[in-house]
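Engineer: Please find one structure pasted underneath; my questions will follow.
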Amino acid sequence: MRPPAAAKGGPPESRRGLADKVIEIEDVHFSYGRQPVLSGVNLVVEEGDFIAFLGPNGGGKTTLLKLLVGVLRPDRGRIRLLGRPVRESLGSVGYIPQDLISNPGFPISVLEVVLMGRLRPRGRGFDEADRQAAREALLKVGMWDQRGRLISDLSGGQRQRAFIARALVDRPRLILLDEPVASVDQEWQGRLFELLKELNREATIVVVSHDLTVVSSYIKSVACINQSLYYHPTPQITARMLRQVYHCPVELIAHGLPHRVLGEHDQGES
């Protein structure tokens with residue numbers, strides 16, 4: 001059976017009937033100085049999707065996530081989340097970056113990290129509703145019994161679960177994860193994606209990952225990103241898609257041993 005043709009941009013608007021558009025990206029360009037990173041990116045992500053951003057290092061995947069959460073602003077083009085400008089929508093977005101904590105020695109507990117997800121402008125204190133929401137989020141990721149421990153004392157997988165709980169504490173409609181399996185063991189990788197599959201019942205999920213072997217079992221659609229973006233409305237990851245984004249015939253990309261296997265190719269192939 002022939003795989004569906006790739007398309008630049010997002011899915012046709014009829015793909016899920018009248019589903020809400022959670023992400024709308026229109027002709028977005030972004031550069032670091034004179035170095036272009038994203039060029040003419042278009043994408044529509046509808047409510048309930050579980051989409052993977054795939055592509056080589058430096059292709060623009062993490063940059064696109066940072067544009068979606070307002071850390072960066074596009075040089076040109078428009079981004080809307082949940083029908084509103086990015087900065088008006090962030091209360092409905094949970095974001096788990098690849099670098100989970102910039103100062104791992106900072107004395108803050110797991111519960112305090114999760115409660116930070118309930119902070120509001122003009123800073124009021126935390127009330128019982130905040131604490132109950134934090135409890136529910138920590139129970140969901142299996143970390144309630146670790147709530148009093150310092151975040152710096154946790155393993156990589158435990159720390160990641162705490163930050164996922166922080167992202168969940170406000171019940172977001174959109175969850176963005178940047179390389180969530182990069183620093184955790186293989187057992188937790190599977191458990192993490194099972195958790196994301198469950199969360200996908202209530203939230204739209206975008207995940208950046210290099211581990212195609214794990215991602216392909218859970219996702220619903222794929223966006224291949226290497227300066228441009230090519231959208232694929234199915235979870236199939238084909239050789240044609242990989243050639244399109246890596247510009248060479250990638251036969252297998254896998255982590256765990258770890259190893260990477262590439263077919264013979266000409267570096268100049270387009």
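In the structure tokens, each chain is lettered A, B, ... as it comes, each chain's residues begin at 1, and ligands are numbered from 1 in order of appearance.
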Sort by chain and increasing residue number a table of all residues of range 25-60 of chain A within 9 Å of range 79-94 of chain A, each with its closest pair of atoms and their distance in Å to one decimal, counting only C-alpha atoms, and write it as JSON lines.
Structural biologist:
{"residue": "A:Ile25", "atom": "CA", "partner": "A:Ile79", "partner_atom": "CA", "distance": 4.6}
{"residue": "A:Glu26", "atom": "CA", "partner": "A:Ile79", "partner_atom": "CA", "distance": 6.4}
{"residue": "A:Asp27", "atom": "CA", "partner": "A:Ile79", "partner_atom": "CA", "distance": 9.0}
{"residue": "A:Val28", "atom": "CA", "partner": "A:Ile79", "partner_atom": "CA", "distance": 7.7}
{"residue": "A:Glu47", "atom": "CA", "partner": "A:Leu82", "partner_atom": "CA", "distance": 9.0}
Engineer: For the strand (DSSP E or B) assignment from backbone DSSP, which residues of range 45-250 of chain A qualify? Please present them as a PyMOL selection string.
Structural biologist: chain A and resi 45-46+50-54+76-81+84-85+93-96+109+150+174-178+204-208+221-226+228-232
Engineer: Could you tell me how far CA of Arg118 in chain A sits from CA of Lys197 in chain A, in Å to one decimal place?
Structural biologist: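 Those two atoms sit 23.8 Å apart.
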Engineer: Using only C-alpha atoms, determine which residues lie at most 12 Å from Asn42 in chain A, disregarding the query and same-chain residues fewer than 2 positions distant; provide the list as a VMD selection string.
Structural biologist: chain A and resid 7 to 11 23 to 29 38 to 40 44 to 45 64 76 to 80 223 to 225 227 to 231
Engineer: Output N, CA, C and O atoms for every residue in that selection, as a tab-separated table (two decimals), in the first residue's frame.
Structural biologist:
chain	number	residue	atom	x	y	z
A	7	ALA	N	2.81	16.57	2.78
A	7	ALA	CA	2.33	17.89	2.39
A	7	ALA	C	3.02	18.93	3.23
A	7	ALA	O	3.24	18.73	4.42
A	8	LYS	N	3.39	20.04	2.60
A	8	LYS	CA	3.90	21.15	3.38
A	8	LYS	C	2.73	21.77	4.12
A	8	LYS	O	1.69	22.06	3.53
A	9	GLY	N	2.90	21.99	5.43
A	9	GLY	CA	1.84	22.61	6.19
A	9	GLY	C	1.01	21.59	6.93
A	9	GLY	O	1.39	20.45	7.09
A	10	GLY	N	-0.19	22.01	7.37
A	10	GLY	CA	-1.01	21.19	8.23
A	10	GLY	C	-2.01	20.36	7.48
A	10	GLY	O	-2.05	20.34	6.25
A	11	PRO	N	-2.89	19.67	8.23
A	11	PRO	CA	-3.87	18.78	7.63
A	11	PRO	C	-4.99	19.56	6.99
A	11	PRO	O	-5.23	20.72	7.34
A	23	ILE	N	-3.28	24.54	17.32
A	23	ILE	CA	-2.11	25.28	16.85
A	23	ILE	C	-2.34	25.71	15.40
A	23	ILE	O	-2.75	24.89	14.58
A	24	GLU	N	-2.09	26.99	15.12
A	24	GLU	CA	-2.12	27.50	13.74
A	24	GLU	C	-0.82	28.27	13.49
A	24	GLU	O	-0.56	29.28	14.15
A	25	ILE	N	-0.02	27.76	12.58
A	25	ILE	CA	1.25	28.40	12.22
A	25	ILE	C	1.17	28.80	10.75
A	25	ILE	O	0.92	27.96	9.90
A	26	GLU	N	1.38	30.08	10.47
A	26	GLU	CA	1.23	30.59	9.11
A	26	GLU	C	2.50	31.30	8.65
A	26	GLU	O	2.88	32.33	9.22
A	27	ASP	N	3.17	30.71	7.67
A	27	ASP	CA	4.33	31.31	7.00
A	27	ASP	C	5.35	31.87	7.99
A	27	ASP	O	5.79	33.01	7.90
A	28	VAL	N	5.74	31.04	8.95
A	28	VAL	CA	6.67	31.48	10.00
A	28	VAL	C	8.12	31.34	9.54
A	28	VAL	O	8.52	30.30	9.02
A	29	HIS	N	8.89	32.40	9.75
A	29	HIS	CA	10.32	32.44	9.48
A	29	HIS	C	11.02	32.83	10.77
A	29	HIS	O	10.54	33.67	11.53
A	38	LEU	N	14.17	28.47	10.51
A	38	LEU	CA	12.86	28.07	10.00
A	38	LEU	C	12.48	28.99	8.85
A	38	LEU	O	12.69	30.20	8.93
A	39	SER	N	11.91	28.41	7.81
A	39	SER	CA	11.59	29.19	6.61
A	39	SER	C	10.25	28.75	6.03
A	39	SER	O	10.09	27.61	5.60
A	40	GLY	N	9.28	29.66	6.06
A	40	GLY	CA	7.98	29.38	5.45
A	40	GLY	C	7.24	28.22	6.08
A	40	GLY	O	6.61	27.42	5.38
A	44	VAL	N	-1.21	23.21	10.90
A	44	VAL	CA	-2.42	23.24	11.71
A	44	VAL	C	-2.47	21.94	12.50
A	44	VAL	O	-2.35	20.86	11.93
A	45	VAL	N	-2.60	22.06	13.82
A	45	VAL	CA	-2.75	20.89	14.69
A	45	VAL	C	-4.12	20.99	15.34
A	45	VAL	O	-4.43	21.98	16.00
A	64	LEU	N	11.05	25.76	17.10
A	64	LEU	CA	9.61	25.87	16.87
A	64	LEU	C	8.83	25.74	18.17
A	64	LEU	O	7.86	26.49	18.40
A	76	ARG	N	8.91	36.64	10.98
A	76	ARG	CA	7.80	36.90	10.08
A	76	ARG	C	6.79	35.78	10.24
A	76	ARG	O	7.12	34.66	10.61
A	77	GLY	N	5.53	36.08	9.98
A	77	GLY	CA	4.49	35.06	10.07
A	77	GLY	C	3.69	35.17	11.36
A	77	GLY	O	3.89	36.08	12.17
A	78	ARG	N	2.75	34.24	11.54
A	78	ARG	CA	1.82	34.33	12.65
A	78	ARG	C	1.65	32.96	13.30
A	78	ARG	O	1.60	31.93	12.62
A	79	ILE	N	1.54	32.96	14.64
A	79	ILE	CA	1.25	31.75	15.40
A	79	ILE	C	0.06	32.03	16.33
A	79	ILE	O	0.05	33.04	17.03
A	80	ARG	N	-0.91	31.13	16.31
A	80	ARG	CA	-2.04	31.23	17.22
A	80	ARG	C	-2.22	29.89	17.93
A	80	ARG	O	-2.08	28.83	17.31
A	223	ALA	N	5.33	15.67	11.94
A	223	ALA	CA	5.83	16.85	11.23
A	223	ALA	C	7.34	16.71	11.11
A	223	ALA	O	8.04	16.67	12.12
A	224	CYS	N	7.84	16.56	9.89
A	224	CYS	CA	9.27	16.48	9.64
A	224	CYS	C	9.81	17.89	9.44
A	224	CYS	O	9.32	18.63	8.57
A	225	ILE	N	10.80	18.26	10.25
A	225	ILE	CA	11.28	19.64	10.27
A	225	ILE	C	12.78	19.68	10.00
A	225	ILE	O	13.57	19.06	10.71
A	227	GLN	N	14.36	23.09	8.64
A	227	GLN	CA	14.16	24.46	8.16
A	227	GLN	C	12.76	24.62	7.57
A	227	GLN	O	12.02	25.50	7.95
A	228	SER	N	12.35	23.76	6.65
A	228	SER	CA	10.96	23.69	6.20
A	228	SER	C	10.24	22.62	7.02
A	228	SER	O	10.87	21.86	7.76
A	229	LEU	N	8.92	22.57	6.88
A	229	LEU	CA	8.13	21.57	7.60
A	229	LEU	C	7.26	20.80	6.62
A	229	LEU	O	6.60	21.38	5.76
A	230	TYR	N	7.29	19.46	6.76
A	230	TYR	CA	6.44	18.60	5.96
A	230	TYR	C	5.54	17.81	6.91
A	230	TYR	O	6.03	17.13	7.80
A	231	TYR	N	4.25	17.92	6.69
A	231	TYR	CA	3.27	17.29	7.57
A	231	TYR	C	2.80	15.95	6.98
A	231	TYR	O	2.56	15.84	5.78
Engineer: For Asn200 in chain A, find every residue with an atom within 12 Å (counting only C-alpha atoms), except residues of its own chain fewer than 2 positions away, and show them as a ChimeraX atom specification.
Structural biologist: /A:47-51,168,171-176,193-198,202-207,218-220
Engineer: I'd like the interatomic distance between CA of Ala52 in chain A and CA of Val71 in chain A, to a tenth of an Å.
Structural biologist: 20.2 Å
Engineer: Which of range 8-107 of chain A end up as alpha helix (DSSP H) when DSSP is run on this backbone - answer as an MDAnalysis selection string?
Structural biologist: chainID A and resid 61:68
Engineer: Restrict the calculation to only C-alpha atoms, then for each residue of range 106-138 of chain A with any atom at most 10 Å from an atom of range 149-158 of chain A give the closest atom pair and their distance in Å to one decimal, rows by chain and rising residue number, as a Markdown table.
Structural biologist:
| residue | atom | partner | partner_atom | distance |
| --- | --- | --- | --- | --- |
| A:Phe106 | CA | A:Ser152 | CA | 7.1 |
| A:Pro107 | CA | A:Leu150 | CA | 6.3 |
| A:Ile108 | CA | A:Leu150 | CA | 5.5 |
| A:Ser109 | CA | A:Leu150 | CA | 4.2 |
| A:Val110 | CA | A:Ile151 | CA | 5.4 |
| A:Leu111 | CA | A:Arg149 | CA | 8.3 |
| A:Glu112 | CA | A:Ile151 | CA | 9.2 |
| A:Val113 | CA | A:Ile151 | CA | 7.8 |
Engineer: Could the residues in this selection be saved with all heavy atoms as a compact mmCIF listing (two decimals), in the first residue's frame?
Structural biologist:
# COMPACT_ATOMS: atom_id res chain seq x y z
N PHE A 106 19.52 23.96 43.58
CA PHE A 106 18.61 24.90 44.23
C PHE A 106 17.68 24.13 45.18
O PHE A 106 17.07 23.14 44.80
CB PHE A 106 17.79 25.65 43.19
CG PHE A 106 16.97 26.77 43.76
CD1 PHE A 106 17.58 27.97 44.12
CD2 PHE A 106 15.61 26.63 43.94
CE1 PHE A 106 16.82 29.01 44.65
CE2 PHE A 106 14.85 27.66 44.47
CZ PHE A 106 15.46 28.85 44.82
N PRO A 107 17.57 24.57 46.45
CA PRO A 107 16.81 23.79 47.45
C PRO A 107 15.30 23.98 47.32
O PRO A 107 14.70 24.80 48.02
CB PRO A 107 17.33 24.35 48.78
CG PRO A 107 17.73 25.77 48.46
CD PRO A 107 18.24 25.74 47.03
N ILE A 108 14.69 23.22 46.44
CA ILE A 108 13.25 23.32 46.24
C ILE A 108 12.69 21.90 46.19
O ILE A 108 13.29 20.99 45.60
CB ILE A 108 12.93 24.10 44.94
CG1 ILE A 108 11.42 24.32 44.80
CG2 ILE A 108 13.53 23.43 43.72
CD1 ILE A 108 11.06 25.27 43.68
N SER A 109 11.55 21.69 46.83
CA SER A 109 10.98 20.35 46.91
C SER A 109 10.16 20.04 45.66
O SER A 109 9.78 20.93 44.89
CB SER A 109 10.08 20.24 48.15
OG SER A 109 8.88 20.98 47.96
N VAL A 110 9.83 18.76 45.51
CA VAL A 110 9.00 18.32 44.39
C VAL A 110 7.65 19.04 44.43
O VAL A 110 7.17 19.54 43.40
CB VAL A 110 8.81 16.79 44.45
CG1 VAL A 110 7.75 16.33 43.46
CG2 VAL A 110 10.13 16.08 44.18
N LEU A 111 7.01 19.10 45.59
CA LEU A 111 5.71 19.75 45.70
C LEU A 111 5.81 21.22 45.33
O LEU A 111 4.93 21.77 44.64
CB LEU A 111 5.16 19.60 47.12
CG LEU A 111 3.79 20.23 47.38
CD1 LEU A 111 2.73 19.63 46.46
CD2 LEU A 111 3.38 20.04 48.84
N GLU A 112 6.86 21.89 45.76
CA GLU A 112 7.02 23.32 45.43
C GLU A 112 7.22 23.53 43.93
O GLU A 112 6.69 24.50 43.37
CB GLU A 112 8.21 23.89 46.21
CG GLU A 112 7.94 24.03 47.70
CD GLU A 112 9.19 24.31 48.51
OE1 GLU A 112 10.30 23.90 48.08
OE2 GLU A 112 9.07 24.92 49.59
N VAL A 113 7.95 22.61 43.29
CA VAL A 113 8.11 22.71 41.83
C VAL A 113 6.77 22.62 41.14
O VAL A 113 6.46 23.41 40.23
CB VAL A 113 9.05 21.59 41.32
CG1 VAL A 113 8.95 21.43 39.81
CG2 VAL A 113 10.49 21.90 41.70
Engineer: Would you compute the distance between CA of Arg191 in chain A and CA of Asp170 in chain A? Give it in Å to one decimal.
Structural biologist: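 Computing it gives 22.0 Å between the two atoms.
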Engineer: Can you tell me, as a tab-separated table (two decimals) with all heavy atoms, in the first residue's frame, what residues are no more than 6 Å from range 165-167 of chain A when counting only C-alpha atoms, ignoring any on the same chain fewer than 6 positions away?
Structural biologist:
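Everything below was put into result03.tsv:
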chain	number	residue	atom	x	y	z
A	94	GLY	N	1.00	23.40	28.67
A	94	GLY	CA	2.02	22.82	29.53
A	94	GLY	C	3.27	22.56	28.71
A	94	GLY	O	3.18	21.95	27.63
A	95	TYR	N	4.43	23.00	29.20
A	95	TYR	CA	5.68	22.90	28.44
A	95	TYR	C	6.74	22.21	29.28
A	95	TYR	O	7.01	22.63	30.41
A	95	TYR	CB	6.14	24.31	28.04
A	95	TYR	CG	7.49	24.40	27.37
A	95	TYR	CD1	7.84	23.56	26.32
A	95	TYR	CD2	8.42	25.35	27.79
A	95	TYR	CE1	9.07	23.66	25.69
A	95	TYR	CE2	9.66	25.47	27.17
A	95	TYR	CZ	9.98	24.62	26.12
A	95	TYR	OH	11.21	24.71	25.51
A	114	VAL	N	5.94	21.67	41.57
A	114	VAL	CA	4.63	21.49	40.92
A	114	VAL	C	3.73	22.69	41.19
A	114	VAL	O	3.03	23.17	40.30
A	114	VAL	CB	3.98	20.18	41.40
A	114	VAL	CG1	2.59	20.02	40.80
A	114	VAL	CG2	4.86	19.00	41.00
A	117	GLY	N	3.57	25.72	38.90
A	117	GLY	CA	2.69	25.72	37.74
A	117	GLY	C	1.37	26.41	37.98
A	117	GLY	O	0.60	26.62	37.04
A	137	ALA	N	-1.94	16.05	40.25
A	137	ALA	CA	-0.93	15.95	39.20
A	137	ALA	C	0.18	14.98	39.59
A	137	ALA	O	0.64	14.17	38.78
A	137	ALA	CB	-0.35	17.33	38.89
A	138	LEU	N	0.62	15.06	40.85
A	138	LEU	CA	1.68	14.16	41.32
A	138	LEU	C	1.21	12.71	41.39
A	138	LEU	O	1.96	11.78	41.09
A	138	LEU	CB	2.20	14.62	42.67
A	138	LEU	CG	3.14	15.83	42.62
A	138	LEU	CD1	3.33	16.42	44.01
A	138	LEU	CD2	4.49	15.43	42.02
